[in-house]
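Participant: Just dropping this structure here.
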Amino acid sequence: MNIDPINNGIVIDHIKAGNSMEIYKFLDLDNVNSTVALIKNVPSKKMGKKDIIKIDKEIDINLDVLGYIDPDITVNIIKNGVRTEKKHLELPSVVKNVIKCKNPRCITSTERGIPHVFKLTDKENRVYRCMYCESSAKETV
Amino acid sequence: MKNLIDILDITTEEIDALIDTANDIIENPGKYNEKCRHKKLATLFFEPSTRTRLSFEAAMLDLGGSVLGFSESNSSSASKGESVSDTVRTVGCYADIIAMRHPKEGAPLAASFSAGVPVINAGDGGHNHPTQTLTDLLTIKRECGRLSDIKIGFCGDLKFGRTVHSLIMALTRYENVEIVLISPEELCIPQYLKDILRSQNIKFTETRTMESVMSELDILYMTRVQRERFFNEADYIRLRDTYILTPEKLEDAKKTLCIMHPLPRVNEISTEVDVDPRACYFKQVKNGKFIRMALILKLLEVK
């Protein structure tokens, strides 16, 4: 299977196989009006298999969102057919308005206009907790 | 310190300073009775509470200030659908400090972003109740003379009791605190708290009966076993009776034992224990007012 190389855009690489659809949704790529390729289960020496997303346009990407979903992802910026930058992600210490708290007892379930903020409380186990009620993101997503 | 939302938001040094102020208030009440003259405390109680609200109001009145507010959401504009943020922004125009209880977890934190004046969490659902924890710490300090080097037994419903969870978290920051968890298996503390205790190398043990550990304890923190937590009435009755503290069960206890309870009590402490000099739960209620006075002074930056 061949996917054309891109001239100016972004390649999101080393996505854990199966996670690309989730990233596609989080980055709202449905509303990007240029070519977007979502490639699943690409053979990888390092990972066995991986997913890749190619976007044929320079768009602002929320790296915190990507870092939250999978900090092992790399983001490559392509200009004039050449990779000009390779970004390694980290687990963000705070994610704002990325995930919503689903705890019905949390103030965010009723209060209008307040940000949904999750904080990294356990880096090793990648646990995020709601700033307001301390429910873990795993429990709430 | 601008607000008090969670007990872990403040340092042990700040807690020590609050305890020192509270002790000074107890020793010299006259020194403080005009400190908050012309200051107003708003008690915004979106759900009913007698003890906590009256404690806050008594604290402010004893500081020479005045109080306003509501004691149930039906009598506030929340019943018209107003957001917490808008309510506190409005109240912040009238009052100098807000004490707030709300059934939703995190509501006081959300309020603190828009109030414009200090906000004190007076209980947010089953989540936090930091002024109860400050009350407990003041009581321990006054009765035992220290917050470190203590062996404390928590007895009863350790699964749902937020006062127990908060006090355990607060005590993890002090040296050589040993915790004994006395509860039925159905009501033991949540796993995440055990994980925290293990990760911080806090010595803790679990047991099913209070008699087996009574002689070792410096503090016994009683809580109510709640009927509604049980599926089986017979289990409830059996366990409820196991955890009734009576003078007989105190026979082996230390002469210096401090018996605490966040109240309200139902039957888990026999009324005969009330006359025992080791019963500290009504002193605890008094301490609640003094530590709230200290907290109001601190947040209003009154010297």
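Chain labels follow the order of the structure tokens: the first chain is A, the next B, and so on; residue numbering restarts at 1 in every chain, and ligands are counted from 1 in their shown order.
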Excluding Ser49 (chain B) and residues on its chain fewer than 4 positions from it, collect all residues at most 8 Å away from it, counting only C-alpha atoms, and give them as a PyMOL selection string.

Facilitator: chain B and resi 45+53+71

Participant: Just C-alpha atoms for this one: save the residues we selected as a PDB file, in the first residue's frame.

Facilitator:
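The result, stored in again.pdb:
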ATOM      1  CA  PHE B  45     -24.965  26.446  52.753  1.00  0.00           C
ATOM      2  CA  ARG B  53     -22.680  26.462  59.972  1.00  0.00           C
ATOM      3  CA  SER B  71     -28.804  27.616  55.150  1.00  0.00           C
TER       4      SER B  71
END

Participant: What residues in region 10-126 of chain A get the DSSP label strand (DSSP E or B)? Please answer as a VMD selection string.

Facilitator: chain A and resid 10 to 16 36 to 44 48 to 55 74 to 79 82 to 88 94 to 96 106 117 to 122

Participant: To test your reading of the structure, identify every residue in region 26-196 of chain B that backbone DSSP assigns to helix (DSSP H, G or I), and report it as a tab-separated table (two decimals) with N, CA, C and O atoms, in the first residue's frame.

Facilitator:
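Now in selection_17.tsv:
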chain	number	residue	atom	x	y	z
B	26	ILE	N	-8.03	30.60	72.75
B	26	ILE	CA	-8.60	29.88	73.90
B	26	ILE	C	-8.09	30.50	75.21
B	26	ILE	O	-8.85	30.70	76.16
B	27	GLU	N	-6.80	30.85	75.23
B	27	GLU	CA	-6.20	31.41	76.44
B	27	GLU	C	-6.65	32.86	76.68
B	27	GLU	O	-6.84	33.28	77.81
B	29	PRO	N	-9.36	35.04	75.06
B	29	PRO	CA	-10.46	35.35	74.12
B	29	PRO	C	-10.72	36.85	73.98
B	29	PRO	O	-11.06	37.33	72.91
B	30	GLY	N	-10.50	37.59	75.05
B	30	GLY	CA	-10.78	39.03	75.03
B	30	GLY	C	-9.94	39.78	74.01
B	30	GLY	O	-10.36	40.82	73.47
B	31	LYS	N	-8.76	39.24	73.74
B	31	LYS	CA	-7.83	39.87	72.79
B	31	LYS	C	-8.39	39.89	71.37
B	31	LYS	O	-7.99	40.67	70.53
B	32	TYR	N	-9.33	38.98	71.13
B	32	TYR	CA	-9.77	38.77	69.74
B	32	TYR	C	-11.19	39.26	69.45
B	32	TYR	O	-11.63	39.21	68.31
B	51	ARG	N	-24.16	21.89	62.71
B	51	ARG	CA	-22.95	22.11	63.51
B	51	ARG	C	-21.94	23.01	62.79
B	51	ARG	O	-21.44	23.98	63.35
B	52	THR	N	-21.64	22.68	61.55
B	52	THR	CA	-20.59	23.41	60.85
B	52	THR	C	-20.99	24.87	60.64
B	52	THR	O	-20.20	25.79	60.85
B	53	ARG	N	-22.25	25.09	60.23
B	53	ARG	CA	-22.68	26.46	59.97
B	53	ARG	C	-22.67	27.29	61.26
B	53	ARG	O	-22.14	28.40	61.30
B	54	LEU	N	-23.22	26.71	62.33
B	54	LEU	CA	-23.25	27.45	63.59
B	54	LEU	C	-21.83	27.71	64.11
B	54	LEU	O	-21.55	28.75	64.69
B	55	SER	N	-20.95	26.76	63.87
B	55	SER	CA	-19.57	26.92	64.31
B	55	SER	C	-18.91	28.10	63.58
B	55	SER	O	-18.23	28.93	64.21
B	56	PHE	N	-19.13	28.19	62.28
B	56	PHE	CA	-18.58	29.31	61.51
B	56	PHE	C	-19.19	30.63	61.99
B	56	PHE	O	-18.49	31.63	62.15
B	57	GLU	N	-20.50	30.62	62.19
B	57	GLU	CA	-21.17	31.86	62.57
B	57	GLU	C	-20.72	32.30	63.97
B	57	GLU	O	-20.43	33.48	64.19
B	58	ALA	N	-20.64	31.33	64.89
B	58	ALA	CA	-20.18	31.66	66.24
B	58	ALA	C	-18.75	32.18	66.20
B	58	ALA	O	-18.40	33.13	66.92
B	59	ALA	N	-17.92	31.59	65.33
B	59	ALA	CA	-16.52	32.02	65.21
B	59	ALA	C	-16.46	33.49	64.79
B	59	ALA	O	-15.75	34.30	65.40
B	60	MET	N	-17.24	33.85	63.77
B	60	MET	CA	-17.19	35.23	63.28
B	60	MET	C	-17.77	36.19	64.31
B	60	MET	O	-17.23	37.29	64.52
B	61	LEU	N	-18.85	35.78	64.97
B	61	LEU	CA	-19.45	36.66	65.98
B	61	LEU	C	-18.48	36.89	67.14
B	61	LEU	O	-18.37	38.00	67.66
B	62	ASP	N	-17.75	35.83	67.53
B	62	ASP	CA	-16.78	35.97	68.62
B	62	ASP	C	-15.59	36.85	68.23
B	62	ASP	O	-14.83	37.29	69.08
B	73	SER	N	-30.37	25.61	49.84
B	73	SER	CA	-30.34	26.21	48.51
B	73	SER	C	-31.70	26.74	48.08
B	73	SER	O	-31.79	27.63	47.25
B	74	ASN	N	-32.79	26.22	48.71
B	74	ASN	CA	-34.13	26.71	48.36
B	74	ASN	C	-34.29	28.21	48.62
B	74	ASN	O	-35.07	28.88	47.98
B	75	SER	N	-33.53	28.69	49.63
B	75	SER	CA	-33.65	30.10	49.96
B	75	SER	C	-32.56	30.94	49.28
B	75	SER	O	-32.30	32.05	49.66
B	77	SER	N	-30.61	32.00	45.27
B	77	SER	CA	-30.96	32.09	43.86
B	77	SER	C	-30.52	30.85	43.08
B	77	SER	O	-30.78	30.74	41.88
B	78	ALA	N	-29.83	29.91	43.77
B	78	ALA	CA	-29.49	28.64	43.12
B	78	ALA	C	-30.77	27.93	42.68
B	78	ALA	O	-30.80	27.24	41.66
B	79	SER	N	-31.86	28.16	43.47
B	79	SER	CA	-33.13	27.52	43.11
B	79	SER	C	-33.71	28.11	41.82
B	79	SER	O	-34.58	27.52	41.20
B	80	LYS	N	-33.22	29.29	41.43
B	80	LYS	CA	-33.65	29.88	40.15
B	80	LYS	C	-32.73	29.47	39.02
B	80	LYS	O	-32.87	29.96	37.89
B	84	VAL	N	-23.02	28.55	40.55
B	84	VAL	CA	-22.25	28.80	41.78
B	84	VAL	C	-21.34	30.01	41.58
B	84	VAL	O	-21.22	30.87	42.46
B	85	SER	N	-20.73	30.09	40.40
B	85	SER	CA	-19.80	31.20	40.13
B	85	SER	C	-20.50	32.55	40.25
B	85	SER	O	-19.97	33.49	40.86
B	86	ASP	N	-21.69	32.66	39.66
B	86	ASP	CA	-22.42	33.92	39.73
B	86	ASP	C	-22.86	34.23	41.16
B	86	ASP	O	-22.81	35.38	41.60
B	87	THR	N	-23.32	33.19	41.87
B	87	THR	CA	-23.76	33.41	43.26
B	87	THR	C	-22.62	33.97	44.10
B	87	THR	O	-22.79	34.97	44.80
B	88	VAL	N	-21.44	33.34	44.01
B	88	VAL	CA	-20.35	33.81	44.88
B	88	VAL	C	-19.78	35.14	44.41
B	88	VAL	O	-19.31	35.94	45.22
B	89	ARG	N	-19.84	35.39	43.12
B	89	ARG	CA	-19.37	36.70	42.64
B	89	ARG	C	-20.26	37.81	43.22
B	89	ARG	O	-19.78	38.85	43.63
B	90	THR	N	-21.55	37.53	43.28
B	90	THR	CA	-22.49	38.48	43.87
B	90	THR	C	-22.24	38.63	45.37
B	90	THR	O	-22.11	39.75	45.88
B	91	VAL	N	-22.15	37.48	46.05
B	91	VAL	CA	-21.95	37.53	47.50
B	91	VAL	C	-20.62	38.20	47.85
B	91	VAL	O	-20.51	38.93	48.85
B	107	ALA	N	-17.25	22.17	44.23
B	107	ALA	CA	-17.96	23.45	44.11
B	107	ALA	C	-17.20	24.60	44.79
B	107	ALA	O	-17.09	25.69	44.21
B	108	PRO	N	-16.64	24.41	45.99
B	108	PRO	CA	-15.90	25.53	46.59
B	108	PRO	C	-14.67	25.93	45.78
B	108	PRO	O	-14.32	27.11	45.73
B	109	LEU	N	-14.02	24.95	45.15
B	109	LEU	CA	-12.87	25.30	44.30
B	109	LEU	C	-13.34	26.15	43.12
B	109	LEU	O	-12.73	27.19	42.82
B	110	ALA	N	-14.41	25.72	42.47
B	110	ALA	CA	-14.96	26.51	41.36
B	110	ALA	C	-15.34	27.90	41.86
B	110	ALA	O	-15.09	28.91	41.19
B	111	ALA	N	-15.91	27.97	43.06
B	111	ALA	CA	-16.33	29.26	43.63
B	111	ALA	C	-15.13	30.17	43.86
B	111	ALA	O	-15.19	31.38	43.64
B	112	SER	N	-14.01	29.57	44.28
B	112	SER	CA	-12.84	30.39	44.63
B	112	SER	C	-12.28	31.12	43.41
B	112	SER	O	-11.60	32.13	43.56
B	113	PHE	N	-12.57	30.64	42.21
B	113	PHE	CA	-12.07	31.29	41.00
B	113	PHE	C	-12.78	32.61	40.71
B	113	PHE	O	-12.24	33.47	40.03
B	114	SER	N	-14.01	32.75	41.21
B	114	SER	CA	-14.75	33.96	40.84
B	114	SER	C	-15.25	34.79	42.03
B	114	SER	O	-15.84	35.83	41.82
B	130	PRO	N	-12.16	20.28	55.06
B	130	PRO	CA	-10.87	20.60	55.69
B	130	PRO	C	-10.96	21.24	57.07
B	130	PRO	O	-10.05	21.05	57.89
B	131	THR	N	-12.05	21.98	57.35
B	131	THR	CA	-12.09	22.60	58.68
B	131	THR	C	-12.37	21.56	59.77
B	131	THR	O	-12.01	21.76	60.93
B	132	GLN	N	-13.01	20.44	59.41
B	132	GLN	CA	-13.16	19.34	60.37
B	132	GLN	C	-11.78	18.76	60.67
B	132	GLN	O	-11.45	18.44	61.81
B	133	THR	N	-10.97	18.62	59.62
B	133	THR	CA	-9.62	18.07	59.82
B	133	THR	C	-8.78	19.00	60.68
B	133	THR	O	-8.06	18.55	61.57
B	134	LEU	N	-8.89	20.32	60.44
B	134	LEU	CA	-8.16	21.27	61.29
B	134	LEU	C	-8.63	21.16	62.75
B	134	LEU	O	-7.82	21.21	63.68
B	135	THR	N	-9.94	20.98	62.91
B	135	THR	CA	-10.51	20.79	64.25
B	135	THR	C	-9.89	19.57	64.92
B	135	THR	O	-9.49	19.60	66.09
B	136	ASP	N	-9.83	18.48	64.15
B	136	ASP	CA	-9.26	17.23	64.69
B	136	ASP	C	-7.78	17.41	65.06
B	136	ASP	O	-7.32	16.94	66.10
B	137	LEU	N	-7.05	18.11	64.20
B	137	LEU	CA	-5.61	18.31	64.47
B	137	LEU	C	-5.41	19.17	65.72
B	137	LEU	O	-4.54	18.89	66.54
B	138	LEU	N	-6.24	20.21	65.86
B	138	LEU	CA	-6.13	21.06	67.06
B	138	LEU	C	-6.43	20.22	68.31
B	138	LEU	O	-5.74	20.33	69.33
B	139	THR	N	-7.46	19.38	68.22
B	139	THR	CA	-7.83	18.55	69.37
B	139	THR	C	-6.69	17.59	69.73
B	139	THR	O	-6.34	17.44	70.91
B	140	ILE	N	-6.11	16.96	68.72
B	140	ILE	CA	-5.00	16.03	68.99
B	140	ILE	C	-3.83	16.79	69.64
B	140	ILE	O	-3.24	16.35	70.63
B	141	LYS	N	-3.53	17.95	69.07
B	141	LYS	CA	-2.40	18.75	69.59
B	141	LYS	C	-2.65	19.15	71.04
B	141	LYS	O	-1.76	19.07	71.89
B	142	ARG	N	-3.87	19.56	71.34
B	142	ARG	CA	-4.17	20.01	72.70
B	142	ARG	C	-4.20	18.84	73.69
B	142	ARG	O	-3.76	18.98	74.83
B	143	GLU	N	-4.73	17.71	73.24
B	143	GLU	CA	-4.89	16.59	74.17
B	143	GLU	C	-3.61	15.78	74.33
B	143	GLU	O	-3.32	15.28	75.40
B	144	CYS	N	-2.86	15.63	73.23
B	144	CYS	CA	-1.66	14.79	73.27
B	144	CYS	C	-0.38	15.62	73.35
B	144	CYS	O	0.70	15.09	73.60
B	162	ARG	N	-15.62	10.70	55.19
B	162	ARG	CA	-14.65	11.64	54.61
B	162	ARG	C	-13.76	12.26	55.68
B	162	ARG	O	-12.63	12.63	55.42
B	163	THR	N	-14.28	12.37	56.92
B	163	THR	CA	-13.45	12.95	57.98
B	163	THR	C	-12.25	12.05	58.26
B	163	THR	O	-11.15	12.53	58.51
B	164	VAL	N	-12.48	10.74	58.20
B	164	VAL	CA	-11.40	9.78	58.42
B	164	VAL	C	-10.36	9.90	57.30
B	164	VAL	O	-9.16	9.99	57.56
B	165	HIS	N	-10.83	9.94	56.07
B	165	HIS	CA	-9.90	10.00	54.93
B	165	HIS	C	-9.04	11.26	55.01
B	165	HIS	O	-7.82	11.21	54.81
B	166	SER	N	-9.70	12.40	55.29
B	166	SER	CA	-8.96	13.67	55.33
B	166	SER	C	-7.94	13.68	56.47
B	166	SER	O	-6.82	14.15	56.30
B	167	LEU	N	-8.35	13.16	57.63
B	167	LEU	CA	-7.42	13.18	58.76
B	167	LEU	C	-6.24	12.24	58.50
B	167	LEU	O	-5.09	12.59	58.81
B	168	ILE	N	-6.51	11.09	57.91
B	168	ILE	CA	-5.41	10.18	57.57
B	168	ILE	C	-4.43	10.87	56.63
B	168	ILE	O	-3.22	10.84	56.83
B	169	MET	N	-4.97	11.54	55.60
B	169	MET	CA	-4.10	12.23	54.64
B	169	MET	C	-3.29	13.32	55.34
B	169	MET	O	-2.09	13.49	55.07
B	170	ALA	N	-3.93	14.04	56.25
B	170	ALA	CA	-3.22	15.12	56.95
B	170	ALA	C	-2.12	14.54	57.85
B	170	ALA	O	-1.02	15.10	57.94
B	171	LEU	N	-2.39	13.39	58.47
B	171	LEU	CA	-1.42	12.81	59.40
B	171	LEU	C	-0.23	12.19	58.70
B	171	LEU	O	0.83	11.99	59.31
B	185	GLU	N	-14.89	-5.85	57.53
B	185	GLU	CA	-14.29	-5.96	56.20
B	185	GLU	C	-15.06	-5.12	55.18
B	185	GLU	O	-14.47	-4.50	54.30
B	186	GLU	N	-16.38	-5.08	55.36
B	186	GLU	CA	-17.23	-4.35	54.40
B	186	GLU	C	-16.99	-2.85	54.44
B	186	GLU	O	-17.36	-2.14	53.51
B	187	LEU	N	-16.41	-2.36	55.51
B	187	LEU	CA	-16.28	-0.90	55.67
B	187	LEU	C	-14.83	-0.46	55.87
B	187	LEU	O	-14.55	0.54	56.52
B	191	GLN	N	-8.94	1.29	48.80
B	191	GLN	CA	-7.63	0.80	48.39
B	191	GLN	C	-6.65	1.94	48.09
B	191	GLN	O	-5.47	1.87	48.44
B	192	TYR	N	-7.15	3.02	47.48
B	192	TYR	CA	-6.22	4.10	47.10
B	192	TYR	C	-5.55	4.71	48.33
B	192	TYR	O	-4.39	5.11	48.27
B	193	LEU	N	-6.28	4.74	49.46
B	193	LEU	CA	-5.68	5.29	50.68
B	193	LEU	C	-4.62	4.34	51.23
B	193	LEU	O	-3.57	4.78	51.70
B	194	LYS	N	-4.90	3.04	51.15
B	194	LYS	CA	-3.89	2.06	51.57
B	194	LYS	C	-2.63	2.21	50.71
B	194	LYS	O	-1.51	2.13	51.21
B	195	ASP	N	-2.84	2.42	49.41
B	195	ASP	CA	-1.70	2.58	48.50
B	195	ASP	C	-0.86	3.79	48.91
B	195	ASP	O	0.37	3.75	48.89
B	196	ILE	N	-1.56	4.88	49.27
B	196	ILE	CA	-0.84	6.10	49.67
B	196	ILE	C	-0.05	5.82	50.95
B	196	ILE	O	1.12	6.18	51.06

Participant: Based on only C-alpha atoms, which of the residues in chain B come within 6 Å of chain A? I want them as an MDAnalysis selection string.

Facilitator: chainID B and resid 83 104:107

Participant: Find the residues near region 74-90 of chain A: any atom within 6 Å, counting only C-alpha atoms, skip ones fewer than 5 places away on the same chain, and give them as a list in words.

Facilitator: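 Final neighbour list, sorted by chain and number: Asn7, Asn8, Gly9, Ile10, Val11, Ile12, Asp13 and Gly67 of chain A.
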
Participant: From the set A:Ile3, A:Ala17, A:Arg129, A:Pro71, which residue has the shortest atom-to-atom contact distance to Pro43 (chain A), counting only C-alpha atoms?

Facilitator: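 The shortest atom-to-atom distance to Pro43 (chain A) comes from A:Ala17.
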
Participant: Using only C-alpha atoms, which protein or nucleic acid residues come within 12 Å of Asn2 (chain A)? Drop anything in the same chain fewer than 3 positions from it, and give the result as a PyMOL selection string.

Facilitator: chain A and resi 5+37+39+42

Participant: Go ahead and dump the residues you just picked, N, CA and C atoms, as a compact mmCIF listing (two decimals), in the first residue's frame.

Facilitator:
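Result file follows (part_29.txt):
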# COMPACT_ATOMS: atom_id res chain seq x y z
N PRO A 5 3.92 10.87 -0.40
CA PRO A 5 4.57 11.74 0.59
C PRO A 5 3.91 13.12 0.57
N ALA A 37 -4.40 11.17 5.80
CA ALA A 37 -4.30 9.70 5.67
C ALA A 37 -4.15 9.10 7.06
N ILE A 39 -3.29 5.64 8.67
CA ILE A 39 -2.73 4.33 8.27
C ILE A 39 -2.60 3.47 9.52
N VAL A 42 0.85 -0.42 10.65
CA VAL A 42 2.06 -0.36 9.82
C VAL A 42 3.15 -1.16 10.52

Participant: Report as an NGL selection string all protein, DNA and RNA residues lying within 10 Å of Gln226 (chain B), evaluated on only C-alpha atoms, omitting residues in the same chain fewer than 5 positions from it.

Facilitator: :B and (156-157 or 160-161 or 187 or 236 or 240 or 266)
